[in-house]
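*Asks:* What follows is a single structure, and I will ask about it in a moment.
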Amino acid sequence: MKYTLTWQARAIRPDGESAWFPAQVPGNVQRDYGAYMGWGDISVGENVTLFRQTEGYTWEYRAALDCAAGNGENAVLVFEGVDYRFDVLLDGMTVCEHEGMFSRVEVPLCGDEREVVVRIHPHPIREDAPFEDRQQADQCVKPPVCYEWDWHPRMLVSGIWQEAYVEMRHEDYIRRCEAFYTLSEDFSRAEIRFETDCSAPVSITLFDPDGNVIAAGDSRTVFKVENPRLWWCHGQGEPALYTYVARTAHHETRGQIGLRRVRLIMNEGGWVEPIGFPKGRSVAPIQLELNGRRVFAKGSNWVNPDIYNGVIDAARYEALITLAKDANMNIFRCWGGSGVNKKAFYDLCDRMGIMVWVEFPLSCNNYVGTEHYLAVLEQEAAAILHDLRSHACVVMYCGGNELFNNWSLMTDQSLALRLLNKLCYDLDRDRPFIMTSPIFGMGHGGYTFYDPDAKKDVFTLFQSSHCTAYTEFGVPGVTNIEDIRRIIPDDELFPIRDMGSWRLHHAFGAWGAARWLCMDVLEMYAQEPLDTLKKVIDLSNWLQCEGYKAIFEEARRQAPYCSMAINWCYCEPWITAAGNSLITYPIKPKPAYYAVKASLRPVLASARIPKFDWHAGECFHAELWLLNDSPEAAKARIMASILLDGVEYPLLAWESGEAAANTNRIGPTVNWILPDVDAAEFTLRLEAGAYSSEYRLCYRRSEARRETRQMNV
């Protein structure tokens with residue numbers, strides 16, 4: 001039996017101690033303190049900057065204990081996660097000192113304790129770091145995102161971010177019950193065994209995905225399942241889950257098992273024999289094979305969906321993951337800078353068939369392997385692996401984000417990465433592991449609609465790319481006008497300037513002076529003055545929608561050599577003024593979400609359009625494709641036409657023939673001279689029933705017509 005506690009907290013400041021104030025657990029103490037101080041919503045204006053003064057504070061939580069054990073029970077105080085370095089005191093006596101937010105801490109109780117205090121030390125900050133940014137976190141296992149990123153303000157949070165409770169346990173309490181299995185090479189048979197940690201015999205009952213009992217035994221039993229129902233990712237089959245119940249006289253626990261085999265294999269065309277000498281190695285494999293089938297991984301980068309990671313609950317996870325499933329996604333890359341999620345996230349991904357790429361909490365830093373850092377990393381990484389290895393959704397591990405780059409300066413000889421590789425082998429060797437992302441052959445970026453250095457838009461840029469996987473790419477969009485009005489004060493709202501709340505909420509200076517608003521790019525494509533906020537937002541959303549469609553569909557066309565398309569990014573932790581996310585905080589899809597949803601349909605008519613910007617008199621041309629990521633064959637009759645200035649012009653019809661399962665077909669190229677009319681855009685339509693698509697493109701009238709129009713206006 002579990003007993004929740006009622007918590008209070010206080011700040012220990014340089015000028016003394018605050019009064020005790022109510023504290024939410026799970027939660028973050030800064031959120032509770034902000035409410036106590038009346039600092040308001042951190043998404044509004046510049047409120048978040050008020051918390052800079054708290055970075056050096058020590059915090060204390062306290063709760064009364066009234067839970068005497070009896071009837072052969074033992075009382076245990078359980079902390080499933082406390083961020084980050086903390087002490088536990090019982091009636092004023094320190095009984096535990098701990099560093100690390102992902103490992104569980106248990107404290108036995110005698111039964112006569114009256115109060116527990118959790119003292120949380122100031123945030124780990126490397127004092128000689130050259131900047132106040134992520135580098136301050138390069139010698140701790142605290143996720144660096146809260147030290148500031150280009151879509152996350154500097155907001156150092158801590159607290160009891162996971163469940164904390166007192167649990168009454170009999171001697172036959174099942175401390176651990178974990179399932180392990182092997183599949184025959186042809187998937188016709190599974191053998192399941194259980195490891196338990198209990199002082200008494202444990203009985204185990206196994207249920208099939210429909211809830212029927214199929215076997216019973218104990219921890220010595222090898223459960224044999226003939227013709228098992230396999231766990232498949234979304235779009236490839238059923239995410240079948242078997243259930244087990246483990247029991248003793250006084251305790252019961254249960255879990256689920258997804259039977260599947262996952263491998264990371266060489267991409268088709270990846271084994272390239274160089275002509276002549278000297279020879280080198282080929283690209284690194286990054287093709288996911290699920291149950292013997294190559295699967296194109298299409299999805300998004302998952303980041304922390306709230307600055308206050310402690311308040312994220314199962315309902316928030318479920319709403320966000322459901323949107324991803326509805327958008328035809330089958331994978332999340334859980335970006336290392338945000339750390340790992342709560343258990344409910346992985347349970348839901350198991351159930352919905354969303355594959356999860358797990359990164360350890362390293363990102364964009366050189367994590368020099370001091371003895372102290374390596375010891376904490378080993379403790380925390382082992383805890384993460386023990387927690388996650390039973391989840392079918394977890395298909396691969398990664399050491400961290402962008403570690404083999406000139407801003408990180410790590411290599412595969414870095415001790416931290418060698419340690420993580422060893423731990424993954426020792427604790428979960430059948431799941432793939434890569435050192436970092438990207439590795440050779442993969443691509444990160446670009447992140448804007450137009451690249452001024454390459455002088456290419458995303459249509460052209462990605463068609464000239466040749467990567468085994470695109471695991472970060474983005475196109476920014478300005479947030480909807482209602483939320484902009486909420487976070488930007490009226491006196492700053494318009495005209496937009498590089499200052500105040502616009503800058504703090506990442507419209508400027510986030511990554512380069514003009515990012516993420518990208519007014520320079522918007523002005524390239526604007527054919528009338530951007531003299532209202534609505535015009536800015538509408539144009540920005542247009543570019544984000546068409547840009548994301550262009551990249552996702554091009555990545556799919558490059559299969560089978562290309563095996564992944566995972567955009568940056570899915571969600572956001574607060575309301576950004578502009579950014580690459582598909583979902584505005586907390587759970588509001590952007591127009592680009594619906595564009596991506598259309599481009600990720602298992603089967604669709606697609607067009608390879610060489611560029612976004614077209615002029616009157618040019619010969620517009622586009623290749624027609626039938627994209628098929630489904631496990632079934634597909635075919636379509638595709639009617640191509642152009643809608644320009646209110647007139648629809650038929651171009652051609654293509655009978656695609658059959659595209660085999662998980663295979664694309666290329667068709668004819670449409671060619672059409674664009675007439676000179678009074679318009680600013682045109683649409684390419686591909687009519688193919690449920691597989692139909694359309695592309696809204698920029699059109700520029702001739703200079704003579706432009707001048708005539710200006711005179712008339």
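Ordered as shown in the structure tokens, chains take letters A, B, and onward, while each chain numbers its residues from 1 and ligands are numbered from 1 in the order shown.
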Counting only C-alpha atoms, which residues of range 231-332 of chain A fall within 9 Å of range 350-363 of chain A, and what is the closest atom pair for each with its distance in Å at one decimal, ordered by chain and rising number, as JSON lines?
*Replies:*
{"residue": "A:Trp231", "atom": "CA", "partner": "A:Gly353", "partner_atom": "CA", "distance": 7.7}
{"residue": "A:Trp232", "atom": "CA", "partner": "A:Gly353", "partner_atom": "CA", "distance": 6.3}
{"residue": "A:Cys233", "atom": "CA", "partner": "A:Gly353", "partner_atom": "CA", "distance": 4.3}
{"residue": "A:His234", "atom": "CA", "partner": "A:Gly353", "partner_atom": "CA", "distance": 4.7}
{"residue": "A:Gly235", "atom": "CA", "partner": "A:Gly353", "partner_atom": "CA", "distance": 8.4}
{"residue": "A:Gly237", "atom": "CA", "partner": "A:Gly353", "partner_atom": "CA", "distance": 8.7}
{"residue": "A:Glu238", "atom": "CA", "partner": "A:Gly353", "partner_atom": "CA", "distance": 7.6}
{"residue": "A:Pro239", "atom": "CA", "partner": "A:Gly353", "partner_atom": "CA", "distance": 5.1}
{"residue": "A:Ala240", "atom": "CA", "partner": "A:Arg351", "partner_atom": "CA", "distance": 7.9}
{"residue": "A:Leu241", "atom": "CA", "partner": "A:Arg351", "partner_atom": "CA", "distance": 7.5}
{"residue": "A:Gln256", "atom": "CA", "partner": "A:Asp350", "partner_atom": "CA", "distance": 9.0}
{"residue": "A:Gly258", "atom": "CA", "partner": "A:Asp350", "partner_atom": "CA", "distance": 7.6}
{"residue": "A:Ala297", "atom": "CA", "partner": "A:Met355", "partner_atom": "CA", "distance": 8.5}
{"residue": "A:Ile321", "atom": "CA", "partner": "A:Met352", "partner_atom": "CA", "distance": 8.1}
{"residue": "A:Thr322", "atom": "CA", "partner": "A:Met352", "partner_atom": "CA", "distance": 7.8}
{"residue": "A:Ala324", "atom": "CA", "partner": "A:Ile354", "partner_atom": "CA", "distance": 8.5}
{"residue": "A:Lys325", "atom": "CA", "partner": "A:Met352", "partner_atom": "CA", "distance": 7.2}
{"residue": "A:Met329", "atom": "CA", "partner": "A:Ile354", "partner_atom": "CA", "distance": 7.4}
{"residue": "A:Asn330", "atom": "CA", "partner": "A:Ile354", "partner_atom": "CA", "distance": 4.8}
{"residue": "A:Ile331", "atom": "CA", "partner": "A:Met355", "partner_atom": "CA", "distance": 4.4}
{"residue": "A:Phe332", "atom": "CA", "partner": "A:Val356", "partner_atom": "CA", "distance": 5.0}
*Asks:* Any chance you could list, as a PyMOL selection string, the residues in range 104-318 of chain A that come up strand (DSSP E) when DSSP is run on the backbone?
*Replies:* chain A and resi 105-109+115-120+164-169+176-183+189-197+203-207+213-218+223-226+242-247+252-257+262-265+287-290+293-294+297-302
*Asks:* Using only C-alpha atoms, find each residue in range 445-557 of chain A having at least one atom no more than 12 Å away from range 263-279 of chain A; report its shortest atom-to-atom pair and that distance in Å (one decimal), rows by chain then rising number, as a tab-separated table.
*Replies:*
residue	atom	partner	partner_atom	distance
A:His466	CA	A:Gly270	CA	11.2
A:Cys467	CA	A:Gly270	CA	10.1
A:Thr468	CA	A:Asn267	CA	6.8
A:Ala469	CA	A:Asn267	CA	9.3
*Asks:* Could you please determine the separation between CA of Leu684 in chain A and CA of Gly474 in chain A in Å, to one decimal place?
*Replies:*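 Atom-to-atom, CA of Leu684 in chain A to CA of Gly474 in chain A, that is 23.0 Å.
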*Asks:* Considering only C-alpha atoms, can you say which of A:Asp150, A:Phe552, A:Trp7, A:Asp676 comes closest to Asp32 in chain A?
*Replies:* A:Trp7
*Asks:* Tell me, as a CSV table (one decimal) with N, CA and C atoms, in the first residue's frame, which residues lie within 7 Å of range 194-203 of chain A, counting only C-alpha atoms; anything in the same chain fewer than 4 positions away does not count.
*Replies:*
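See result.csv below for the written result:
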chain,number,residue,atom,x,y,z
A,171,GLU,N,7.2,-9.0,3.8
A,171,GLU,CA,8.5,-9.7,3.5
A,171,GLU,C,8.5,-10.3,2.1
A,172,ASP,N,7.3,-10.6,1.6
A,172,ASP,CA,7.2,-11.2,0.3
A,172,ASP,C,6.9,-10.2,-0.8
A,173,TYR,N,7.3,-8.9,-0.6
A,173,TYR,CA,7.2,-7.9,-1.6
A,173,TYR,C,8.1,-8.2,-2.8
A,174,ILE,N,7.5,-8.0,-4.0
A,174,ILE,CA,8.3,-8.3,-5.2
A,174,ILE,C,9.0,-7.1,-5.6
A,175,ARG,N,10.3,-7.0,-5.3
A,175,ARG,CA,11.1,-5.9,-5.6
A,175,ARG,C,11.3,-5.7,-7.1
A,176,ARG,N,11.4,-6.8,-7.8
A,176,ARG,CA,11.6,-6.7,-9.2
A,176,ARG,C,11.0,-7.9,-9.9
A,177,CYS,N,10.3,-7.7,-11.0
A,177,CYS,CA,9.9,-8.8,-11.9
A,177,CYS,C,10.1,-8.3,-13.3
A,178,GLU,N,11.0,-8.9,-14.1
A,178,GLU,CA,11.3,-8.5,-15.4
A,178,GLU,C,11.3,-9.6,-16.4
A,179,ALA,N,10.7,-9.4,-17.5
A,179,ALA,CA,10.5,-10.4,-18.6
A,179,ALA,C,11.7,-10.3,-19.6
A,180,PHE,N,12.2,-11.4,-20.0
A,180,PHE,CA,13.1,-11.5,-21.1
A,180,PHE,C,12.7,-12.6,-22.1
A,217,GLY,N,3.0,-20.2,-14.3
A,217,GLY,CA,4.2,-20.8,-13.7
A,217,GLY,C,4.9,-20.0,-12.7
A,218,ASP,N,6.2,-20.0,-12.7
A,218,ASP,CA,6.9,-19.2,-11.7
A,218,ASP,C,8.2,-18.7,-12.4
A,219,SER,N,9.1,-18.1,-11.6
A,219,SER,CA,10.3,-17.5,-12.2
A,219,SER,C,11.3,-18.5,-12.8
A,246,ALA,N,2.4,-11.0,-11.7
A,246,ALA,CA,3.3,-11.8,-10.7
A,246,ALA,C,2.7,-11.6,-9.3
A,247,ARG,N,2.6,-12.7,-8.5
A,247,ARG,CA,1.9,-12.6,-7.3
A,247,ARG,C,2.7,-13.4,-6.2
A,248,THR,N,2.6,-12.8,-5.0
A,248,THR,CA,2.9,-13.6,-3.8
A,248,THR,C,1.7,-13.5,-2.9
*Asks:* Which residues are near range 21-27 of chain A? Cut-off 9 Å, only C-alpha atoms, ignore same chain within fewer than 6 positions. Put them as a PyMOL selection string.
*Replies:* chain A and resi 5-10+33+36+61+158-164+308-312
*Asks:* Considering only C-alpha atoms, tabulate each residue of range 356-456 of chain A that lies at most 12 Å from range 493-515 of chain A along with its nearest interatomic pair and the corresponding distance in Å to one decimal; arrange the rows by chain and ascending residue number and present them as CSV.
*Replies:*
residue,atom,partner,partner_atom,distance
A:Tyr447,CA,A:Arg515,CA,9.7
A:Thr448,CA,A:Arg515,CA,8.6
A:Phe449,CA,A:Arg515,CA,11.4
A:Tyr450,CA,A:Arg515,CA,11.9
A:Pro452,CA,A:Gly512,CA,11.9
*Asks:* Any chance you could export the current selection's N, CA and C atoms as a compact mmCIF listing (two decimals), in the first residue's frame?
*Replies:*
# COMPACT_ATOMS: atom_id res chain seq x y z
N TYR A 447 17.65 24.35 -41.07
CA TYR A 447 16.62 24.71 -40.10
C TYR A 447 15.80 25.92 -40.53
N THR A 448 16.01 26.41 -41.74
CA THR A 448 15.23 27.54 -42.24
C THR A 448 14.71 27.21 -43.63
N PHE A 449 13.72 27.97 -44.08
CA PHE A 449 13.14 27.71 -45.39
C PHE A 449 14.15 27.99 -46.50
N TYR A 450 14.95 29.02 -46.29
CA TYR A 450 15.94 29.40 -47.30
C TYR A 450 17.30 29.48 -46.64
N PRO A 452 20.77 31.06 -46.83
CA PRO A 452 21.45 32.16 -47.54
C PRO A 452 22.87 31.81 -47.96
*Asks:* Enumerate, as an MDAnalysis selection string, the complete set of residues in range 225-387 of chain A that a backbone-based DSSP assignment places in alpha helix (DSSP H).
*Replies:* chainID A and resid 314:326 343:352 371:387
